[in-house]
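Just work.txt here, compact mmCIF, C-alpha atoms:
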# COMPACT_ATOMS: atom_id res chain seq x y z
CA ASP A 58 -16.99 -11.35 -12.13
CA SER A 59 -14.19 -10.16 -14.40
CA THR A 60 -10.68 -11.41 -13.68
CA VAL A 61 -8.51 -8.77 -11.98
CA LEU A 62 -4.72 -8.51 -12.14
CA ILE A 63 -3.26 -6.47 -9.28
CA GLN A 64 0.25 -5.17 -9.93
CA ALA A 65 2.10 -3.63 -6.99
CA GLN A 66 5.29 -3.71 -4.97
CA SER A 67 5.64 -5.99 -1.96
CA GLY A 68 4.03 -4.62 1.17
CA THR A 69 1.44 -2.41 -0.54
CA GLY A 70 -1.52 -4.55 0.55
CA LYS A 71 -2.35 -6.63 -2.52
CA GLU A 72 -4.25 -9.25 -0.55
CA LEU A 73 -6.16 -6.56 1.37
CA MET A 74 -7.19 -5.03 -1.96
CA ALA A 75 -8.24 -8.44 -3.29
CA GLN A 76 -10.27 -9.09 -0.13
CA SER A 77 -11.92 -5.69 -0.49
CA ILE A 78 -12.88 -6.43 -4.10
CA HIS A 79 -14.38 -9.73 -2.98
CA ASN A 80 -16.28 -8.11 -0.11
CA ALA A 81 -17.78 -5.51 -2.46
CA SER A 82 -18.81 -8.09 -5.06
CA GLY A 83 -21.83 -10.31 -5.53
CA ARG A 84 -19.71 -13.17 -4.19
CA ALA A 85 -19.18 -11.58 -0.77
CA ASN A 86 -21.11 -14.38 0.96
CA GLY A 87 -18.90 -17.00 -0.69
CA PRO A 88 -15.40 -18.04 0.37
CA PHE A 89 -12.25 -16.01 -0.20
CA VAL A 90 -9.27 -18.33 -0.68
CA ALA A 91 -5.71 -17.04 -1.00
CA VAL A 92 -2.87 -18.90 -2.70
CA ASN A 93 0.75 -17.69 -2.57
CA PHE A 94 2.78 -19.25 -5.37
CA ALA A 95 6.02 -18.16 -3.74
CA ALA A 96 5.18 -20.27 -0.67
CA ILE A 97 4.22 -23.58 -2.34
CA THR A 98 6.81 -25.92 -3.82
CA GLU A 99 6.26 -27.01 -7.42
CA SER A 100 5.77 -30.65 -6.41
CA LEU A 101 2.80 -29.71 -4.20
CA LEU A 102 1.04 -27.24 -6.48
CA ASP A 103 -1.23 -29.75 -8.22
CA SER A 104 -2.47 -31.40 -5.02
CA GLU A 105 -2.80 -28.08 -3.16
CA LEU A 106 -4.80 -26.31 -5.86
CA PHE A 107 -6.67 -29.18 -7.53
CA GLY A 108 -6.93 -31.73 -4.71
CA TYR A 109 -6.37 -35.46 -5.04
CA VAL A 110 -8.15 -38.81 -4.81
CA GLU A 111 -7.38 -41.74 -2.56
CA GLY A 112 -4.14 -43.44 -3.51
CA ALA A 113 -3.04 -40.65 -5.85
CA PHE A 114 0.45 -40.65 -4.33
CA THR A 115 2.39 -41.98 -1.36
CA GLY A 116 1.09 -40.38 1.81
CA ALA A 117 -2.20 -39.28 0.27
CA SER A 118 -5.14 -39.13 2.65
CA ARG A 119 -7.27 -42.25 2.63
CA HIS A 120 -10.33 -40.30 1.56
CA GLY A 121 -8.59 -37.86 -0.77
CA ALA A 122 -8.86 -34.11 -0.36
CA SER A 123 -10.35 -31.11 -2.10
CA GLY A 124 -8.05 -28.44 -3.51
CA LEU A 125 -8.11 -24.68 -3.04
CA PHE A 126 -10.05 -24.13 -6.27
CA GLU A 127 -12.86 -26.36 -5.00
CA ARG A 128 -12.85 -24.63 -1.63
CA ALA A 129 -13.23 -21.28 -3.39
CA ASN A 130 -16.31 -22.47 -5.31
CA HIS A 131 -18.97 -19.72 -5.57
CA GLY A 132 -16.44 -17.27 -4.18
CA THR A 133 -13.07 -15.76 -5.05
CA ILE A 134 -9.63 -17.32 -5.36
CA PHE A 135 -6.68 -14.97 -4.95
CA LEU A 136 -3.58 -16.08 -6.84
CA ASP A 137 -0.81 -14.11 -5.14
CA GLU A 138 2.69 -13.80 -6.62
CA ILE A 139 1.45 -15.35 -9.87
CA GLY A 140 4.77 -14.43 -11.49
CA ASP A 141 6.40 -17.19 -9.40
CA ALA A 142 4.18 -19.92 -10.86
CA PRO A 143 6.38 -22.45 -12.73
CA LEU A 144 5.86 -22.71 -16.49
CA SER A 145 4.76 -26.34 -16.20
CA PHE A 146 1.94 -25.31 -13.90
CA GLN A 147 0.98 -22.25 -15.95
CA VAL A 148 -0.29 -24.56 -18.70
CA LYS A 149 -2.64 -26.28 -16.25
CA LEU A 150 -3.76 -22.97 -14.79
CA LEU A 151 -4.56 -21.62 -18.25
CA ARG A 152 -6.77 -24.64 -18.92
CA VAL A 153 -8.62 -24.09 -15.64
CA LEU A 154 -9.27 -20.45 -16.51
CA GLN A 155 -10.53 -21.39 -19.96
CA GLU A 156 -12.68 -24.39 -19.07
CA ARG A 157 -13.61 -23.55 -15.46
CA GLU A 158 -12.95 -27.19 -14.64
CA ILE A 159 -10.35 -28.92 -12.50
CA ARG A 160 -9.33 -32.54 -12.12
CA ARG A 161 -8.08 -33.89 -8.83
CA VAL A 162 -4.67 -35.55 -8.95
CA GLY A 163 -5.21 -39.23 -9.81
CA SER A 164 -8.68 -38.68 -11.26
CA ALA A 165 -9.97 -38.29 -14.81
CA VAL A 166 -13.31 -36.88 -13.68
CA PRO A 167 -13.67 -33.12 -14.31
CA ILE A 168 -15.17 -30.95 -11.57
CA HIS A 169 -16.88 -27.72 -12.60
CA ILE A 170 -15.92 -24.68 -10.52
CA ASP A 171 -17.58 -21.29 -10.28
CA VAL A 172 -14.89 -18.95 -9.03
CA ARG A 173 -13.82 -15.37 -9.55
CA ILE A 174 -10.08 -14.99 -10.21
CA ILE A 175 -7.97 -12.20 -8.72
CA ALA A 176 -4.25 -12.51 -9.42
CA ALA A 177 -1.44 -10.35 -8.09
CA THR A 178 2.26 -9.88 -8.68
CA ASN A 179 5.13 -7.60 -7.72
CA GLN A 180 6.92 -8.49 -10.96
CA ASP A 181 6.67 -7.09 -14.49
CA LEU A 182 4.73 -9.86 -16.22
CA LYS A 183 5.32 -8.35 -19.67
CA GLU A 184 9.06 -8.58 -19.06
CA LEU A 185 8.69 -12.17 -17.83
CA VAL A 186 6.78 -12.96 -21.03
CA ARG A 187 9.60 -11.45 -23.08
CA GLN A 188 12.12 -13.58 -21.18
CA GLY A 189 10.08 -16.71 -21.76
CA LYS A 190 9.36 -17.15 -18.04
CA PHE A 191 5.62 -16.46 -18.23
CA ARG A 192 3.16 -17.68 -20.83
CA GLU A 193 1.81 -14.90 -23.03
CA ASP A 194 -1.61 -16.55 -23.37
CA LEU A 195 -1.93 -16.82 -19.59
CA TYR A 196 -0.91 -13.17 -19.20
CA TYR A 197 -3.70 -12.02 -21.49
CA ARG A 198 -6.17 -14.37 -19.81
CA LEU A 199 -5.38 -12.77 -16.43
CA ASN A 200 -5.02 -9.18 -17.61
CA VAL A 201 -8.74 -8.52 -18.10
CA PHE A 202 -8.95 -5.70 -15.59
CA PRO A 203 -5.48 -4.52 -14.53
CA LEU A 204 -5.24 -2.64 -11.26
CA ALA A 205 -2.03 -0.92 -10.14
CA ILE A 206 -1.47 -0.01 -6.49
CA PRO A 207 1.12 2.77 -6.28
CA PRO A 208 3.87 2.46 -3.66
CA LEU A 209 3.35 4.33 -0.39
CA ARG A 210 5.94 6.99 -1.27
CA GLU A 211 3.68 8.06 -4.15
CA ARG A 212 0.69 8.38 -1.78
CA PRO A 213 2.00 10.80 0.87
CA ALA A 214 -1.52 11.82 1.90
CA ASP A 215 -2.20 8.20 2.94
CA ILE A 216 0.80 7.83 5.27
CA LEU A 217 -0.52 9.55 8.40
CA PRO A 218 -4.08 8.11 8.21
CA LEU A 219 -2.62 4.60 7.77
CA ALA A 220 -0.21 5.14 10.66
CA GLU A 221 -3.01 6.40 12.90
CA GLN A 222 -5.17 3.44 11.92
CA GLN A 223 -2.33 1.07 12.82
CA LEU A 224 -1.80 2.84 16.15
CA SER A 225 -5.48 2.64 16.98
CA ALA A 226 -5.56 -1.08 16.14
CA LEU A 227 -2.75 -1.72 18.62
CA LYS A 228 -5.00 -0.40 21.44
CA VAL A 229 -2.01 1.01 23.32
CA SER A 230 -4.10 3.78 24.81
CA PRO A 231 -7.23 5.66 23.72
CA ALA A 232 -5.17 8.84 24.00
CA ALA A 233 -2.20 7.59 21.93
CA TYR A 234 -1.16 9.95 19.14
CA PHE A 235 1.76 11.05 16.94
CA ALA A 236 3.56 14.20 18.04
CA PRO A 237 4.23 16.83 15.31
CA CYS A 238 7.90 15.78 15.06
CA ALA A 239 6.84 12.18 14.42
CA LYS A 240 4.27 13.23 11.82
CA ALA A 241 6.95 15.20 9.97
CA GLN A 242 9.29 12.22 9.89
CA LEU A 243 6.55 9.87 8.73
CA GLY A 244 5.88 12.20 5.81
CA THR A 245 9.50 12.58 4.67
CA TYR A 246 10.56 8.91 4.79
CA THR A 247 10.39 7.01 1.46
CA TRP A 248 8.94 3.72 2.83
CA PRO A 249 10.67 1.12 0.63
CA GLY A 250 8.76 -1.58 2.52
CA ASN A 251 5.45 0.20 1.90
CA VAL A 252 2.47 -0.37 4.21
CA ARG A 253 4.00 -3.48 5.76
CA GLU A 254 7.04 -1.49 6.85
CA LEU A 255 4.82 1.32 8.17
CA ALA A 256 2.88 -1.15 10.32
CA ASN A 257 6.11 -2.53 11.79
CA VAL A 258 7.47 0.96 12.51
CA VAL A 259 4.25 2.01 14.26
CA GLN A 260 4.21 -1.14 16.38
CA ARG A 261 7.84 -0.63 17.42
CA ALA A 262 7.19 3.03 18.23
CA ALA A 263 4.19 2.10 20.37
CA ILE A 264 6.37 -0.29 22.37
CA LEU A 265 9.08 2.33 22.89
CA SER A 266 6.60 5.02 23.89
CA LEU A 267 5.71 4.70 27.55
CA ASP A 268 2.84 7.20 27.58
CA GLY A 269 1.30 6.65 24.12
CA ILE A 270 2.79 9.86 22.71
CA ILE A 271 4.80 8.82 19.65
CA LEU A 272 7.88 11.00 19.12
CA ALA A 273 10.27 11.01 16.18
CA GLU A 274 12.87 9.15 18.24
CA HIS A 275 10.43 6.28 18.77
CA LEU A 276 10.07 5.73 15.02
CA GLN A 277 13.78 4.92 14.64
CA LEU A 278 13.70 5.73 10.93
CA PRO A 279 16.93 6.18 8.93
CA THR A 280 18.17 9.73 8.52
CA ILE A 281 17.02 11.38 5.27
CA LYS A 282 19.77 12.76 3.10
CA ASN A 283 19.04 14.46 -0.23
CA GLY A 284 15.56 12.99 -0.23
CA GLN A 285 16.82 9.40 0.23
CA PRO A 286 17.18 7.30 3.40
Final structure tokens representation of the file:
Amino acid sequence: DSTVLIQAQSGTGKELMAQSIHNASGRANGPFVAVNFAAITESLLDSELFGYVEGAFTGASRHGASGLFERANHGTIFLDEIGDAPLSFQVKLLRVLQEREIRRVGSAVPIHIDVRIIAATNQDLKELVRQGKFREDLYYRLNVFPLAIPPLRERPADILPLAEQQLSALKVSPAAYFAPCAKAQLGTYTWPGNVRELANVVQRAAILSLDGIILAEHLQLPTIKNGQP
């Protein structure tokens, strides 16, 4: 049940890793709820994460609504791009992590929650702390079990298996495969977009290949010069 902090570049599969941790835990039968702080405006964070009661604000549902923390009760909540959380909200989040209680917007009644926290970021939280953009106490509260996912270029042995997995998932043809020239190009490209970019490249190549045989020309990868694209 320890809090996990996943640190990795964009496109490396942070949410997939978080989901895998959840699935392998004692909470696997509980909900897995993902929150992306980069996708929620600051004005909506409180109501989205903590919920609200009837009449809490203009346009609020007549019966109120539960927040994402409540929906993750007895399961896992994944706080993605935690480095984008505004400072004003970080204070509230710290209190939730300490007390394991939330209060719906417009209510003074605390609600106990039993959730496992997995946070993730593509930013250097220590540097954000130094710049005053991330609370130091929240950083240490989250950094119980740090987990770093290396970029795809540092995992060359993973590239071809991941590409073949993506190709198989597309169900282009049972006989679809990467020709040797394509395999060589997959292995020499630096993949700045990581696994997400690899998935897009494989899908495009599958579309361009008429017979399921993926050639280097179907990948449409930039030319490598001096080890850099």
Subject >> Contact residues around region 138-150 of chain A with all atoms listed in the file at 6 Å, ignoring same-chain residues under 6 positions, as a ChimeraX atom specification >> reply: /A:93-95,177-178
Original post:
So which residues touch region 240-249 of chain A within 12 Å, counting only C-alpha atoms, skipping near sequence neighbours fewer than 6 positions away, as a count of residues only?
Top reply: 43
Subject >> Option closest in space to Phe135 (chain A), from A:Val153, A:Val186, A:Ala85, A:Ile63 [counting all atoms listed in the file] >> reply: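 That would be A:Ile63, the residue with the smallest distance to Phe135 (chain A).
Minimum distance to Leu199 (chain A) across A:Ala233, A:Leu136, A:Leu106, A:Ile264 (counting all atoms listed in the file) occurs at A:Leu136.
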**OP:** Report the distance between CA of Pro231 (chain A) and CA of Gly269 (chain A) in Å, rounded to one decimal place.
**Re:** 8.6 Å
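Distance annotation: of A:Phe107, A:Tyr196, A:Phe191, A:Phe89, the residue with the minimal separation from Gly124 (chain A) is A:Phe107; atom set is all atoms listed in the file.
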Subject >> Minimum-distance residue to Pro167 (chain A), chosen among A:Gly250, A:Pro203, A:Gly108, A:Gly121 (using all atoms listed in the file) >> reply: A:Gly108
Subject >> Nearest to Ser230 (chain A), chosen from A:Leu204, A:Leu267, A:Ala165, A:Leu195, with all atoms listed in the file counted in the distances >> reply: A:Leu267
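Between CA of Asp103 (chain A) and CA of Arg192 (chain A) there is a distance of 18.0 Å.
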**OP:** Rank A:Asn179, A:Ser164, A:Asn251, A:Ser104 by their smallest atom-to-atom distance to Ala205 (chain A), using only C-alpha atoms, and report the top residue only.
**Re:**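 For Ala205 (chain A), the nearest of the given residues is A:Asn179.
The interatomic distance for the pair CA of Phe126 (chain A) and CA of Gln76 (chain A) works out to 16.2 Å.
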**OP:** For Tyr109 (chain A), list every protein, DNA or RNA residue within 7 Å, evaluated using all atoms listed in the file, and leave out those in the same chain fewer than 2 positions away; present the list as a ChimeraX atom specification.
**Re:** /A:104,107,111,113,121-123,161-163
